[in-house]
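Shown next: structure11.cif, given as mmCIF, C-alpha atoms.
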```cif
data_query
#
loop_
_atom_site.label_atom_id
_atom_site.label_comp_id
_atom_site.auth_asym_id
_atom_site.auth_seq_id
_atom_site.Cartn_x
_atom_site.Cartn_y
_atom_site.Cartn_z
CA MET S 11 -19.32 9.69 19.41
CA LYS S 12 -22.61 7.85 19.66
CA ASN S 13 -22.86 4.60 17.74
CA GLU S 14 -25.93 5.66 15.77
CA GLU S 15 -24.38 9.00 14.80
CA LEU S 16 -21.31 7.29 13.40
CA LYS S 17 -23.39 4.71 11.52
CA ASP S 18 -25.37 7.52 9.89
CA LEU S 19 -22.16 9.34 8.96
CA ILE S 20 -20.69 6.18 7.41
CA LYS S 21 -23.89 5.52 5.45
CA GLU S 22 -23.83 9.07 4.06
CA THR S 23 -20.17 8.64 3.05
CA ILE S 24 -20.91 5.32 1.30
CA LYS S 25 -23.14 7.23 -1.15
CA GLU S 26 -20.01 9.07 -2.38
CA ASN S 27 -17.36 6.43 -1.73
CA ALA S 28 -18.35 2.76 -1.76
CA VAL S 29 -15.11 1.78 0.04
CA TYR S 30 -16.75 2.85 3.31
CA GLU S 31 -19.04 -0.16 3.03
CA ILE S 32 -16.36 -2.16 4.86
CA PHE S 33 -16.75 0.07 7.95
CA ASN S 34 -20.53 -0.21 8.01
CA ASN S 35 -21.16 -2.47 10.99
CA ASP S 36 -21.81 -2.19 14.72
CA GLU S 37 -18.61 -3.90 15.81
CA ILE S 38 -16.46 -1.34 14.00
CA CYS S 39 -18.52 1.58 15.28
CA LYS S 40 -17.95 0.37 18.85
CA LEU S 41 -14.19 0.81 18.36
CA PHE S 42 -14.78 4.56 18.23
CA ASP S 43 -16.81 4.93 21.43
CA ASN S 44 -15.79 8.25 23.05
CA ARG S 45 -13.93 9.25 19.85
CA THR S 46 -14.92 11.84 17.29
CA ILE S 47 -15.03 10.89 13.63
CA THR S 48 -15.32 13.84 11.24
CA ARG S 49 -15.39 14.48 7.54
CA THR S 50 -11.83 14.81 6.29
CA PRO S 51 -10.64 18.39 5.71
CA TRP S 52 -9.98 18.84 2.00
CA ARG S 53 -8.63 22.12 0.63
CA ASP S 54 -10.94 24.80 2.07
CA ARG S 55 -13.85 22.51 2.85
CA TYR S 56 -14.71 19.00 4.08
CA SER S 57 -14.76 15.90 1.89
CA GLN S 58 -18.01 14.04 1.39
CA ARG S 59 -16.03 10.94 0.39
CA SER S 60 -13.77 10.55 3.40
CA LEU S 61 -13.84 10.29 7.21
CA SER S 62 -11.03 10.82 9.71
CA ILE S 63 -10.29 10.26 13.38
CA GLU S 64 -10.22 13.65 15.09
CA CYS S 65 -7.03 14.17 17.07
CA ALA S 66 -5.60 17.31 18.71
CA ASP S 67 -1.97 16.17 18.42
CA THR S 68 -1.64 14.16 15.22
CA LYS S 69 2.06 13.46 15.81
CA ASP S 70 1.25 11.49 18.96
CA PRO S 71 -0.17 8.02 18.17
CA LYS S 72 -1.77 7.60 21.60
CA ASP S 73 -5.27 7.71 20.08
CA LEU S 74 -4.47 4.91 17.62
CA ILE S 75 -2.90 2.81 20.37
CA GLU S 76 -6.05 3.13 22.48
CA ILE S 77 -8.59 2.62 19.68
CA PHE S 78 -6.91 -0.49 18.28
CA ALA S 79 -5.51 -1.78 21.61
CA LEU S 80 -2.00 -1.92 20.19
CA ASN S 81 1.11 -3.11 21.94
CA GLY S 82 4.80 -3.48 21.25
CA ASP S 83 6.94 -0.74 19.72
CA PHE S 84 4.15 1.08 17.88
CA ASN S 85 5.51 4.59 18.54
CA LYS S 86 8.72 3.88 16.65
CA LYS S 87 6.92 2.30 13.70
CA PHE S 88 4.40 5.16 13.60
CA ASN S 89 7.21 7.71 13.36
CA GLU S 90 8.74 5.76 10.48
CA ALA S 91 5.41 5.60 8.65
CA ILE S 92 4.68 9.34 8.83
CA LYS S 93 7.98 10.36 7.24
CA GLY S 94 7.31 12.12 3.98
CA ASP S 95 5.97 15.49 2.92
CA GLY S 96 5.05 16.59 6.43
CA GLN S 97 1.31 15.88 6.23
CA GLU S 98 1.22 12.09 6.57
CA HIS S 99 0.65 12.29 10.35
CA LYS S 100 -2.71 13.88 9.49
CA ARG S 101 -3.60 11.72 6.48
CA ILE S 102 -2.84 8.47 8.29
CA ARG S 103 -5.95 9.01 10.47
CA THR S 104 -8.22 8.86 7.42
CA LEU S 105 -10.28 5.69 7.88
CA HIS S 106 -9.46 4.37 4.39
CA SER S 107 -5.77 5.36 4.55
CA SER S 108 -3.51 2.82 2.84
CA ALA S 109 -0.67 3.88 5.14
CA LEU S 110 -2.81 3.14 8.22
CA LEU S 111 -3.76 -0.30 6.90
CA CYS S 112 -0.12 -1.16 6.25
CA LEU S 113 1.11 0.18 9.60
CA LEU S 114 -1.54 -1.52 11.73
CA CYS S 115 -1.02 -4.90 10.06
CA PHE S 116 2.78 -4.99 9.85
CA TYR S 117 4.04 -2.93 12.82
CA GLY S 118 4.01 -5.85 15.27
CA ILE S 119 6.18 -8.29 13.33
CA SER S 120 9.12 -9.25 15.53
CA LYS S 121 11.16 -12.23 16.74
CA GLU S 122 8.39 -12.89 19.24
CA LYS S 123 5.65 -12.43 16.61
CA PRO S 124 7.19 -13.60 13.32
CA LEU S 125 5.37 -13.76 10.00
CA GLU S 126 5.97 -16.92 7.97
CA LEU S 127 5.60 -16.81 4.19
CA GLU S 128 6.06 -19.22 1.32
CA LEU S 129 8.16 -17.06 -0.98
CA ASP S 130 9.48 -18.20 -4.34
CA ASN S 131 9.28 -21.88 -3.28
CA ARG S 132 11.08 -21.26 0.00
CA LYS S 133 9.76 -20.85 3.53
CA VAL S 134 10.80 -17.51 5.01
CA THR S 135 10.36 -16.32 8.60
CA PHE S 136 10.20 -12.53 8.87
CA SER S 137 11.01 -11.00 12.24
CA ASN S 138 11.27 -7.26 11.56
CA SER S 139 9.40 -4.56 9.66
CA ARG S 140 10.42 -1.07 8.56
CA PHE S 141 8.29 1.62 6.96
CA GLU S 142 8.78 4.26 4.25
CA VAL S 143 12.23 3.01 3.19
CA LYS S 144 13.90 5.15 0.54
CA ASN S 145 15.90 3.92 -2.46
CA GLU S 146 17.44 6.44 -4.83
CA VAL S 147 16.03 6.26 -8.36
CA GLY S 148 18.48 8.82 -9.77
CA LYS S 149 18.95 12.48 -10.61
CA ASP S 150 17.01 14.44 -13.17
CA LYS S 151 18.52 16.84 -15.71
CA ASP S 152 18.52 19.61 -13.08
CA GLY S 153 20.54 17.46 -10.69
CA LYS S 154 17.65 16.89 -8.31
CA SER S 155 17.72 13.52 -6.58
CA HIS S 156 14.59 11.33 -6.76
CA CYS S 157 13.81 8.42 -4.44
CA SER S 158 11.18 5.73 -4.29
CA ASN S 159 9.52 5.29 -0.89
CA ILE S 160 8.44 1.70 -0.35
CA ASP S 161 5.62 1.25 2.16
CA VAL S 162 7.00 -1.65 4.20
CA VAL S 163 10.15 -3.75 4.22
CA LEU S 164 10.21 -7.16 5.90
CA CYS S 165 13.49 -8.74 7.00
CA GLY S 166 13.94 -12.42 7.80
CA VAL S 167 15.68 -15.69 7.00
CA ASP S 168 14.78 -18.83 5.07
CA ASN S 169 15.14 -22.40 6.36
CA SER S 170 18.83 -22.48 5.47
CA GLY S 171 19.52 -19.30 7.44
CA LYS S 172 19.92 -17.14 4.32
CA LYS S 173 18.87 -13.52 4.88
CA VAL S 174 15.81 -12.45 2.86
CA ILE S 175 14.39 -8.94 2.45
CA LEU S 176 10.93 -8.35 1.00
CA PHE S 177 9.96 -4.86 -0.20
CA LEU S 178 6.20 -4.38 -0.40
CA GLU S 179 4.09 -1.64 -1.94
CA SER S 180 0.73 -1.53 -0.14
CA LYS S 181 -2.61 -0.63 -1.73
CA PHE S 182 -5.97 -0.30 -0.01
CA SER S 183 -8.41 1.26 -2.49
CA GLU S 184 -6.02 3.09 -4.85
CA TYR S 185 -6.26 0.46 -7.58
CA LEU S 186 -9.98 1.22 -7.90
CA LYS S 187 -9.07 4.53 -9.57
CA TRP S 188 -8.43 4.00 -13.27
CA GLY S 189 -6.53 6.50 -15.36
CA LYS S 190 -3.29 7.41 -17.10
CA TYR S 191 -0.14 8.66 -15.35
CA THR S 192 1.49 11.82 -16.69
CA ASP S 193 4.68 13.89 -16.27
CA ILE S 194 7.02 10.90 -16.09
CA SER S 195 10.68 11.90 -16.22
CA ASP S 196 12.43 10.57 -19.33
CA ASP S 197 15.77 11.23 -17.62
CA LEU S 198 14.97 8.78 -14.85
CA TYR S 199 12.65 6.27 -16.50
CA GLY S 200 13.15 6.49 -20.26
CA THR S 201 15.71 3.68 -20.57
CA THR S 202 13.69 1.21 -18.49
CA TYR S 203 10.43 2.10 -20.22
CA LYS S 204 12.11 1.48 -23.58
CA GLN S 205 13.23 -1.96 -22.35
CA LEU S 206 9.62 -2.69 -21.32
CA GLU S 207 8.03 -1.83 -24.68
CA SER S 208 7.01 -5.42 -25.48
CA THR S 209 5.74 -5.89 -21.91
CA PHE S 210 3.63 -2.74 -22.20
CA ALA S 211 2.25 -4.00 -25.52
CA ASP S 212 1.20 -7.25 -23.82
CA MET S 213 -0.47 -5.15 -21.10
CA GLU S 214 -2.18 -3.01 -23.77
CA LEU S 215 -0.40 0.04 -22.40
CA ALA S 216 1.85 2.55 -24.12
CA TYR S 217 4.41 5.13 -23.03
CA ASN S 218 4.18 8.32 -25.10
CA ASN S 219 5.03 11.95 -24.38
CA ARG S 220 5.98 11.20 -20.74
CA THR S 221 2.61 9.52 -20.19
CA LEU S 222 1.79 5.91 -19.34
CA CYS S 223 -1.66 5.16 -20.69
CA SER S 224 -3.82 2.69 -22.57
CA ALA S 225 -2.67 1.86 -26.08
CA LYS S 226 -6.26 2.41 -27.20
CA ARG S 227 -8.60 5.20 -26.17
CA TYR S 228 -9.42 5.60 -22.47
CA THR S 229 -7.09 4.21 -19.81
CA ARG S 230 -9.30 1.74 -17.97
CA HIS S 231 -6.41 0.56 -15.81
CA TYR S 232 -4.56 1.76 -12.70
CA ALA S 233 -1.51 3.11 -14.54
CA GLY S 234 -0.26 4.94 -11.44
CA GLY S 235 0.40 1.66 -9.63
CA ILE S 236 2.38 0.31 -12.60
CA LYS S 237 4.51 3.46 -12.73
CA GLN S 238 5.13 3.22 -8.98
CA MET S 239 6.30 -0.42 -9.17
CA ILE S 240 8.73 0.48 -11.97
CA SER S 241 10.09 3.28 -9.80
CA HIS S 242 10.61 0.86 -6.89
CA PHE S 243 12.30 -1.60 -9.25
CA ILE S 244 14.75 0.99 -10.60
CA GLY S 245 15.57 2.27 -7.11
CA LEU S 246 16.19 -1.20 -5.69
CA LYS S 247 18.19 -2.33 -8.71
CA LYS S 248 20.49 0.69 -8.45
CA GLU S 249 21.00 0.25 -4.71
CA ILE S 250 21.85 -3.42 -5.22
CA GLU S 251 24.33 -2.54 -7.98
CA LYS S 252 26.02 -0.13 -5.54
CA GLY S 253 26.50 -3.01 -3.08
CA LYS S 254 23.61 -2.33 -0.73
CA TYR S 255 21.78 -5.40 0.60
CA SER S 256 24.71 -7.55 -0.56
CA ASP S 257 24.16 -10.05 2.28
CA ALA S 258 20.56 -10.89 1.34
CA ASP S 259 18.25 -12.15 -1.37
CA ILE S 260 15.94 -9.32 -2.37
CA TYR S 261 12.29 -9.52 -3.39
CA LEU S 262 9.93 -6.78 -4.53
CA GLY S 263 6.17 -7.21 -4.45
CA THR S 264 2.83 -5.60 -3.80
CA ILE S 265 0.03 -6.30 -1.36
CA LEU S 266 -3.60 -5.33 -2.03
CA TYR S 267 -6.75 -5.24 0.03
CA ASP S 268 -9.27 -7.53 -1.68
CA PHE S 269 -12.87 -6.26 -1.56
CA GLU S 270 -14.32 -9.65 -2.52
CA LYS S 271 -16.56 -9.66 0.59
CA PHE S 272 -17.94 -6.28 -0.45
CA PRO S 273 -19.06 -6.68 -4.09
CA THR S 274 -20.56 -3.18 -4.32
CA VAL S 275 -17.07 -1.69 -3.83
CA ASP S 276 -15.42 -3.29 -6.87
CA LYS S 277 -18.29 -3.74 -9.33
CA ASP S 278 -15.99 -3.32 -12.35
CA LYS S 279 -13.55 -6.05 -11.20
CA ARG S 280 -10.66 -3.61 -10.96
CA PHE S 281 -8.82 -5.89 -8.54
CA GLU S 282 -8.77 -8.57 -11.22
CA ASP S 283 -7.61 -6.08 -13.86
CA TYR S 284 -4.74 -4.73 -11.76
CA THR S 285 -3.50 -8.15 -10.63
CA LYS S 286 -3.35 -9.27 -14.28
CA LEU S 287 -1.45 -6.14 -15.31
CA TYR S 288 0.89 -6.43 -12.34
CA GLY S 289 1.70 -10.07 -13.15
CA LYS S 290 2.69 -9.18 -16.72
CA LEU S 291 4.80 -6.25 -15.49
CA ALA S 292 6.59 -8.43 -12.93
CA LYS S 293 7.54 -10.97 -15.59
CA GLY S 294 8.88 -8.18 -17.79
CA LEU S 295 10.90 -6.66 -14.96
CA ASN S 296 12.39 -10.03 -14.06
CA THR S 297 14.00 -10.19 -17.51
CA LEU S 298 15.95 -7.04 -16.59
CA THR S 299 17.60 -8.25 -13.42
CA GLU S 300 19.61 -11.06 -11.88
CA SER S 301 18.52 -13.97 -9.69
CA LYS S 302 19.57 -12.25 -6.43
CA PHE S 303 16.79 -9.71 -6.98
CA LYS S 304 13.35 -10.87 -8.06
CA VAL S 305 9.92 -9.34 -8.47
CA ILE S 306 7.16 -11.54 -7.03
CA GLU S 307 4.82 -12.26 -9.95
CA ASN S 308 1.59 -12.60 -7.97
CA CYS S 309 0.00 -9.89 -5.83
CA PHE S 310 -0.27 -10.66 -2.14
CA THR S 311 -3.54 -9.78 -0.44
CA TYR S 312 -4.05 -8.72 3.16
CA GLN S 313 -6.66 -11.45 3.45
CA GLU S 314 -4.33 -14.29 2.48
CA LEU S 315 -1.23 -12.94 4.21
CA PHE S 316 -2.86 -12.44 7.60
CA LYS S 317 -5.37 -15.29 7.50
CA GLY S 318 -3.21 -17.52 9.66
CA TYR S 319 -1.27 -14.83 11.52
CA ARG S 320 -2.41 -15.28 15.11
CA HIS S 321 -0.56 -12.19 16.37
CA LEU S 322 -2.67 -9.64 14.48
CA ASP S 323 -4.36 -7.34 17.01
CA LYS S 324 -8.02 -8.15 17.56
CA ASN S 325 -9.31 -4.63 16.87
CA VAL S 326 -7.28 -4.43 13.66
CA LYS S 327 -8.90 -7.68 12.50
CA ILE S 328 -12.31 -6.24 13.27
CA PHE S 329 -11.62 -2.91 11.56
CA TYR S 330 -10.46 -4.47 8.28
CA SER S 331 -12.64 -7.60 8.38
CA LEU S 332 -9.54 -9.82 8.26
#
```
Mind turning the file's structure into structure tokens?
Amino acid sequence: MKNEELKDLIKETIKENAVYEIFNNDEICKLFDNRTITRTPWRDRYSQRSLSIECADTKDPKDLIEIFALNGDFNKKFNEAIKGDGQEHKRIRTLHSSALLCLLCFYGISKEKPLELELDNRKVTFSNSRFEVKNEVGKDKDGKSHCSNIDVVLCGVDNSGKKVILFLESKFSEYLKWGKYTDISDDLYGTTYKQLESTFADMELAYNNRTLCSAKRYTRHYAGGIKQMISHFIGLKKEIEKGKYSDADIYLGTILYDFEKFPTVDKDKRFEDYTKLYGKLAKGLNTLTESKFKVIENCFTYQELFKGYRHLDKNVKIFYSL
């Protein structure tokens, strides 16, 4: 695809979806020389808000390996990341895919390319990553099993040699979408939501009629992300109580892409709103568990986490302005 054609396509998409502002530069366009970028198929038409990498065989990551000049065991990590409802291998080629962001940044972590983090006042060296890890939340009244799928799990050790596992929920632009979350199962979540009543009140949220929403009028918060973190918490807590991960200290957290460099994307300061809500939720959840399992009370950002990570692939840095 010619550079100018792609730039025009990105500029048209920005009019409908400001997130595409981050892809609006020559260096990024050059990554897609000899590649076709199209509007993303959506239902029976094409989305005006989304662009995707065209690929004949979406289950083969060869195109991603070539575009981003990837190395290491990317094929294995790609296959982990596309587990799900059967369509993720197509969705992951959407330019603003959260799954693609997470995969490209975390796939390469290994013993040779470790990621060091200051975590809960301890230095931890992570040497392995896994994607789309399931933890069972429970069974509903019909006996159907429900699981939480965490985006990425990092395994490592602290300075004393103690095993540490960090479960991370990844968000690219999702937190920019405010709104309530409906059809929550009381069978699975009711008890925990009841325990979090005072936390919800502090967050100015309420849980009524299987809906997590603002306590007053319109829900000008990303309630879906809060519901998702509670689901991950319940799933992890239950697995730990069954004896899983018994040889490690467990942490649960979230990592967000920060659009600070692109002020037109987050004009309503939704990043700030979600990080405040998340912090209050994490404190509330930590009152419901033991010291072996802790929710990190501050959101990580891709910018801070990978700022000093010298092993991040050059084209990935360019693509996400990291």
Care to translate the PyMOL selection byres ((chain S and resi 164) around 7) into actual residues of this file, as a VMD selection string?
chain S and resid 136 138 to 140 162 to 163 165 to 166 175 to 177
For a test of reading the model, state the distance in Å between atom CA of Asn159 of chain S and atom CA of Tyr267 of chain S, rounded to one decimal.
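Those two atoms sit 19.4 Å apart.
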Please measure the separation of atom CA of Trp52 of chain S and atom CA of Ser195 of chain S, giving the value in Å to one decimal.
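Distance between the two atoms: 28.4 Å.
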Would you translate the PyMOL selection byres ((chain S and resi 116-120) around 12) into the concrete set of residues it matches in this file, as a PDB file with C-alpha atoms, keeping the file's coordinate frame?
```pdb
ATOM      1  CA  ILE S  75      -2.900   2.810  20.370  1.00  0.00           C
ATOM      2  CA  LEU S  80      -2.000  -1.920  20.190  1.00  0.00           C
ATOM      3  CA  ASN S  81       1.110  -3.110  21.940  1.00  0.00           C
ATOM      4  CA  GLY S  82       4.800  -3.480  21.250  1.00  0.00           C
ATOM      5  CA  ASP S  83       6.940  -0.740  19.720  1.00  0.00           C
ATOM      6  CA  PHE S  84       4.150   1.080  17.880  1.00  0.00           C
ATOM      7  CA  ASN S  85       5.510   4.590  18.540  1.00  0.00           C
ATOM      8  CA  LYS S  86       8.720   3.880  16.650  1.00  0.00           C
ATOM      9  CA  LYS S  87       6.920   2.300  13.700  1.00  0.00           C
ATOM     10  CA  PHE S  88       4.400   5.160  13.600  1.00  0.00           C
ATOM     11  CA  ASN S  89       7.210   7.710  13.360  1.00  0.00           C
ATOM     12  CA  GLU S  90       8.740   5.760  10.480  1.00  0.00           C
ATOM     13  CA  ALA S  91       5.410   5.600   8.650  1.00  0.00           C
ATOM     14  CA  ALA S 109      -0.670   3.880   5.140  1.00  0.00           C
ATOM     15  CA  LEU S 110      -2.810   3.140   8.220  1.00  0.00           C
ATOM     16  CA  LEU S 111      -3.760  -0.300   6.900  1.00  0.00           C
ATOM     17  CA  CYS S 112      -0.120  -1.160   6.250  1.00  0.00           C
ATOM     18  CA  LEU S 113       1.110   0.180   9.600  1.00  0.00           C
ATOM     19  CA  LEU S 114      -1.540  -1.520  11.730  1.00  0.00           C
ATOM     20  CA  CYS S 115      -1.020  -4.900  10.060  1.00  0.00           C
ATOM     21  CA  LYS S 121      11.160 -12.230  16.740  1.00  0.00           C
ATOM     22  CA  GLU S 122       8.390 -12.890  19.240  1.00  0.00           C
ATOM     23  CA  LYS S 123       5.650 -12.430  16.610  1.00  0.00           C
ATOM     24  CA  PRO S 124       7.190 -13.600  13.320  1.00  0.00           C
ATOM     25  CA  LEU S 125       5.370 -13.760  10.000  1.00  0.00           C
ATOM     26  CA  GLU S 126       5.970 -16.920   7.970  1.00  0.00           C
ATOM     27  CA  THR S 135      10.360 -16.320   8.600  1.00  0.00           C
ATOM     28  CA  PHE S 136      10.200 -12.530   8.870  1.00  0.00           C
ATOM     29  CA  SER S 137      11.010 -11.000  12.240  1.00  0.00           C
ATOM     30  CA  ASN S 138      11.270  -7.260  11.560  1.00  0.00           C
ATOM     31  CA  SER S 139       9.400  -4.560   9.660  1.00  0.00           C
ATOM     32  CA  ARG S 140      10.420  -1.070   8.560  1.00  0.00           C
ATOM     33  CA  PHE S 141       8.290   1.620   6.960  1.00  0.00           C
ATOM     34  CA  ASP S 161       5.620   1.250   2.160  1.00  0.00           C
ATOM     35  CA  VAL S 162       7.000  -1.650   4.200  1.00  0.00           C
ATOM     36  CA  VAL S 163      10.150  -3.750   4.220  1.00  0.00           C
ATOM     37  CA  LEU S 164      10.210  -7.160   5.900  1.00  0.00           C
ATOM     38  CA  CYS S 165      13.490  -8.740   7.000  1.00  0.00           C
ATOM     39  CA  GLY S 166      13.940 -12.420   7.800  1.00  0.00           C
ATOM     40  CA  LEU S 178       6.200  -4.380  -0.400  1.00  0.00           C
ATOM     41  CA  SER S 180       0.730  -1.530  -0.140  1.00  0.00           C
ATOM     42  CA  ILE S 265       0.030  -6.300  -1.360  1.00  0.00           C
ATOM     43  CA  TYR S 312      -4.050  -8.720   3.160  1.00  0.00           C
ATOM     44  CA  LEU S 315      -1.230 -12.940   4.210  1.00  0.00           C
ATOM     45  CA  PHE S 316      -2.860 -12.440   7.600  1.00  0.00           C
ATOM     46  CA  TYR S 319      -1.270 -14.830  11.520  1.00  0.00           C
ATOM     47  CA  ARG S 320      -2.410 -15.280  15.110  1.00  0.00           C
ATOM     48  CA  HIS S 321      -0.560 -12.190  16.370  1.00  0.00           C
ATOM     49  CA  LEU S 322      -2.670  -9.640  14.480  1.00  0.00           C
ATOM     50  CA  ASP S 323      -4.360  -7.340  17.010  1.00  0.00           C
ATOM     51  CA  VAL S 326      -7.280  -4.430  13.660  1.00  0.00           C
TER      52      VAL S 326
END
```
Extract, using only C-alpha atoms, all DNA, RNA and protein residues at most 8 Å from Tyr261 of chain S, discarding same-chain residues fewer than 2 positions from it, and format them as a list in words.
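These residues fall inside the cut-off: Val174, Ile175, Leu176, Phe177, Asp259, Gly263, Phe303, Lys304, Val305 and Ile306 of chain S.
Counting all atoms listed in the file, the residue from S:Asp193, S:Glu214, S:Glu314, S:Glu146 that sits nearest to Lys252 of chain S is S:Glu146.
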Given the file shown, determine the residues that the PyMOL selection byres ((chain S and resi 101) around 10) selects; report them as an MDAnalysis selection string.
chainID S and resid 50:51 62:63 68 92 96:100 102:110
All residues 12 Å or closer to segment 274-278 of chain S, all atoms listed in the file, same chain fewer than 3 positions away omitted, as a PDB file with C-alpha atoms, in the frame of the given file:
```pdb
ATOM      1  CA  ILE S  24     -20.910   5.320   1.300  1.00  0.00           C
ATOM      2  CA  LYS S  25     -23.140   7.230  -1.150  1.00  0.00           C
ATOM      3  CA  GLU S  26     -20.010   9.070  -2.380  1.00  0.00           C
ATOM      4  CA  ASN S  27     -17.360   6.430  -1.730  1.00  0.00           C
ATOM      5  CA  ALA S  28     -18.350   2.760  -1.760  1.00  0.00           C
ATOM      6  CA  VAL S  29     -15.110   1.780   0.040  1.00  0.00           C
ATOM      7  CA  TYR S  30     -16.750   2.850   3.310  1.00  0.00           C
ATOM      8  CA  GLU S  31     -19.040  -0.160   3.030  1.00  0.00           C
ATOM      9  CA  ILE S  32     -16.360  -2.160   4.860  1.00  0.00           C
ATOM     10  CA  PHE S  33     -16.750   0.070   7.950  1.00  0.00           C
ATOM     11  CA  PHE S 182      -5.970  -0.300  -0.010  1.00  0.00           C
ATOM     12  CA  SER S 183      -8.410   1.260  -2.490  1.00  0.00           C
ATOM     13  CA  GLU S 184      -6.020   3.090  -4.850  1.00  0.00           C
ATOM     14  CA  TYR S 185      -6.260   0.460  -7.580  1.00  0.00           C
ATOM     15  CA  LEU S 186      -9.980   1.220  -7.900  1.00  0.00           C
ATOM     16  CA  LYS S 187      -9.070   4.530  -9.570  1.00  0.00           C
ATOM     17  CA  TRP S 188      -8.430   4.000 -13.270  1.00  0.00           C
ATOM     18  CA  ARG S 230      -9.300   1.740 -17.970  1.00  0.00           C
ATOM     19  CA  HIS S 231      -6.410   0.560 -15.810  1.00  0.00           C
ATOM     20  CA  TYR S 267      -6.750  -5.240   0.030  1.00  0.00           C
ATOM     21  CA  ASP S 268      -9.270  -7.530  -1.680  1.00  0.00           C
ATOM     22  CA  PHE S 269     -12.870  -6.260  -1.560  1.00  0.00           C
ATOM     23  CA  GLU S 270     -14.320  -9.650  -2.520  1.00  0.00           C
ATOM     24  CA  LYS S 271     -16.560  -9.660   0.590  1.00  0.00           C
ATOM     25  CA  PHE S 281      -8.820  -5.890  -8.540  1.00  0.00           C
ATOM     26  CA  GLU S 282      -8.770  -8.570 -11.220  1.00  0.00           C
ATOM     27  CA  ASP S 283      -7.610  -6.080 -13.860  1.00  0.00           C
ATOM     28  CA  TYR S 284      -4.740  -4.730 -11.760  1.00  0.00           C
TER      29      TYR S 284
END
```
Looking at S:Val147, S:Leu198, S:Ala292, S:Leu262, which one is nearest to Ile236 of chain S, with distances taken over all atoms listed in the file?
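Answer, going by the shortest atom-to-atom distance: S:Ala292.
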Rank S:Phe42, S:Tyr56, S:Phe78, S:Phe272 by their smallest atom-to-atom distance to Lys324 of chain S, using only C-alpha atoms, and report the top residue only.
S:Phe78
Please list as a short mmCIF file (atom, residue, chain, number, x, y, z; two decimals) with C-alpha atoms, in the frame of the given file every residue within 12 Å of Asn13 of chain S, counting all atoms listed in the file and excluding residues in the same chain fewer than 5 positions away.
```cif
data_model
loop_
_atom_site.label_atom_id
_atom_site.label_comp_id
_atom_site.auth_asym_id
_atom_site.auth_seq_id
_atom_site.Cartn_x
_atom_site.Cartn_y
_atom_site.Cartn_z
CA ASP S 18 -25.37 7.52 9.89
CA LEU S 19 -22.16 9.34 8.96
CA ILE S 20 -20.69 6.18 7.41
CA ASN S 34 -20.53 -0.21 8.01
CA ASN S 35 -21.16 -2.47 10.99
CA ASP S 36 -21.81 -2.19 14.72
CA GLU S 37 -18.61 -3.90 15.81
CA ILE S 38 -16.46 -1.34 14.00
CA CYS S 39 -18.52 1.58 15.28
CA LYS S 40 -17.95 0.37 18.85
CA LEU S 41 -14.19 0.81 18.36
CA PHE S 42 -14.78 4.56 18.23
CA ASP S 43 -16.81 4.93 21.43
CA ASN S 44 -15.79 8.25 23.05
CA ARG S 45 -13.93 9.25 19.85
CA THR S 46 -14.92 11.84 17.29
CA ILE S 47 -15.03 10.89 13.63
#
```
So how far away is atom CA of Glu142 of chain S from atom CA of Asn169 of chain S, in Å?
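That distance, rounded to one decimal, is 27.5 Å.
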Box for segment 208-217 of chain S - axis-aligned, 6 Å on each of the six sides, all listed atoms - centre and size in Å to one decimal, as AutoDock Vina command-line options.
```
--center_x 2.4 --center_y -1.1 --center_z -23.3 --size_x 21.2 --size_y 24.4 --size_z 16.4
```
Using only C-alpha atoms, which residue out of S:Lys290, S:Ala258, S:Asp196, S:Ser301 lies closest to Ala211 of chain S?
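The shortest atom-to-atom distance to Ala211 of chain S comes from S:Lys290.
Between Gly234 of chain S and the residues S:Lys204, S:Lys190, S:Lys144, S:Arg59, the shortest atom-to-atom distance, using all atoms listed in the file, involves S:Lys190.
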Using the structure just given, write a file holding N, CA and C atoms for segment 305-312 of chain S, as a CSV table (one decimal), in the first residue's frame.
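Result saved to out16.csv:
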```
chain,number,residue,atom,x,y,z
S,305,VAL,N,-4.0,-7.4,45.1
S,305,VAL,CA,-4.3,-6.6,44.0
S,305,VAL,C,-3.4,-5.3,44.0
S,306,ILE,N,-2.7,-5.1,42.9
S,306,ILE,CA,-1.9,-3.9,42.8
S,306,ILE,C,-2.8,-2.7,42.7
S,307,GLU,N,-2.5,-1.7,43.6
S,307,GLU,CA,-3.5,-0.6,43.8
S,307,GLU,C,-3.2,0.6,42.8
S,308,ASN,N,-2.2,0.5,42.0
S,308,ASN,CA,-2.0,1.5,41.0
S,308,ASN,C,-2.0,0.9,39.6
S,309,CYS,N,-2.6,1.5,38.6
S,309,CYS,CA,-2.5,1.0,37.2
S,309,CYS,C,-1.1,1.1,36.7
S,310,PHE,N,-0.6,0.1,36.0
S,310,PHE,CA,0.6,0.2,35.2
S,310,PHE,C,0.2,0.9,33.9
S,311,THR,N,1.2,1.5,33.3
S,311,THR,CA,1.0,1.9,31.9
S,311,THR,C,2.0,1.3,31.0
S,312,TYR,N,1.7,1.1,29.7
S,312,TYR,CA,2.7,0.6,28.8
S,312,TYR,C,3.9,1.5,28.7
```
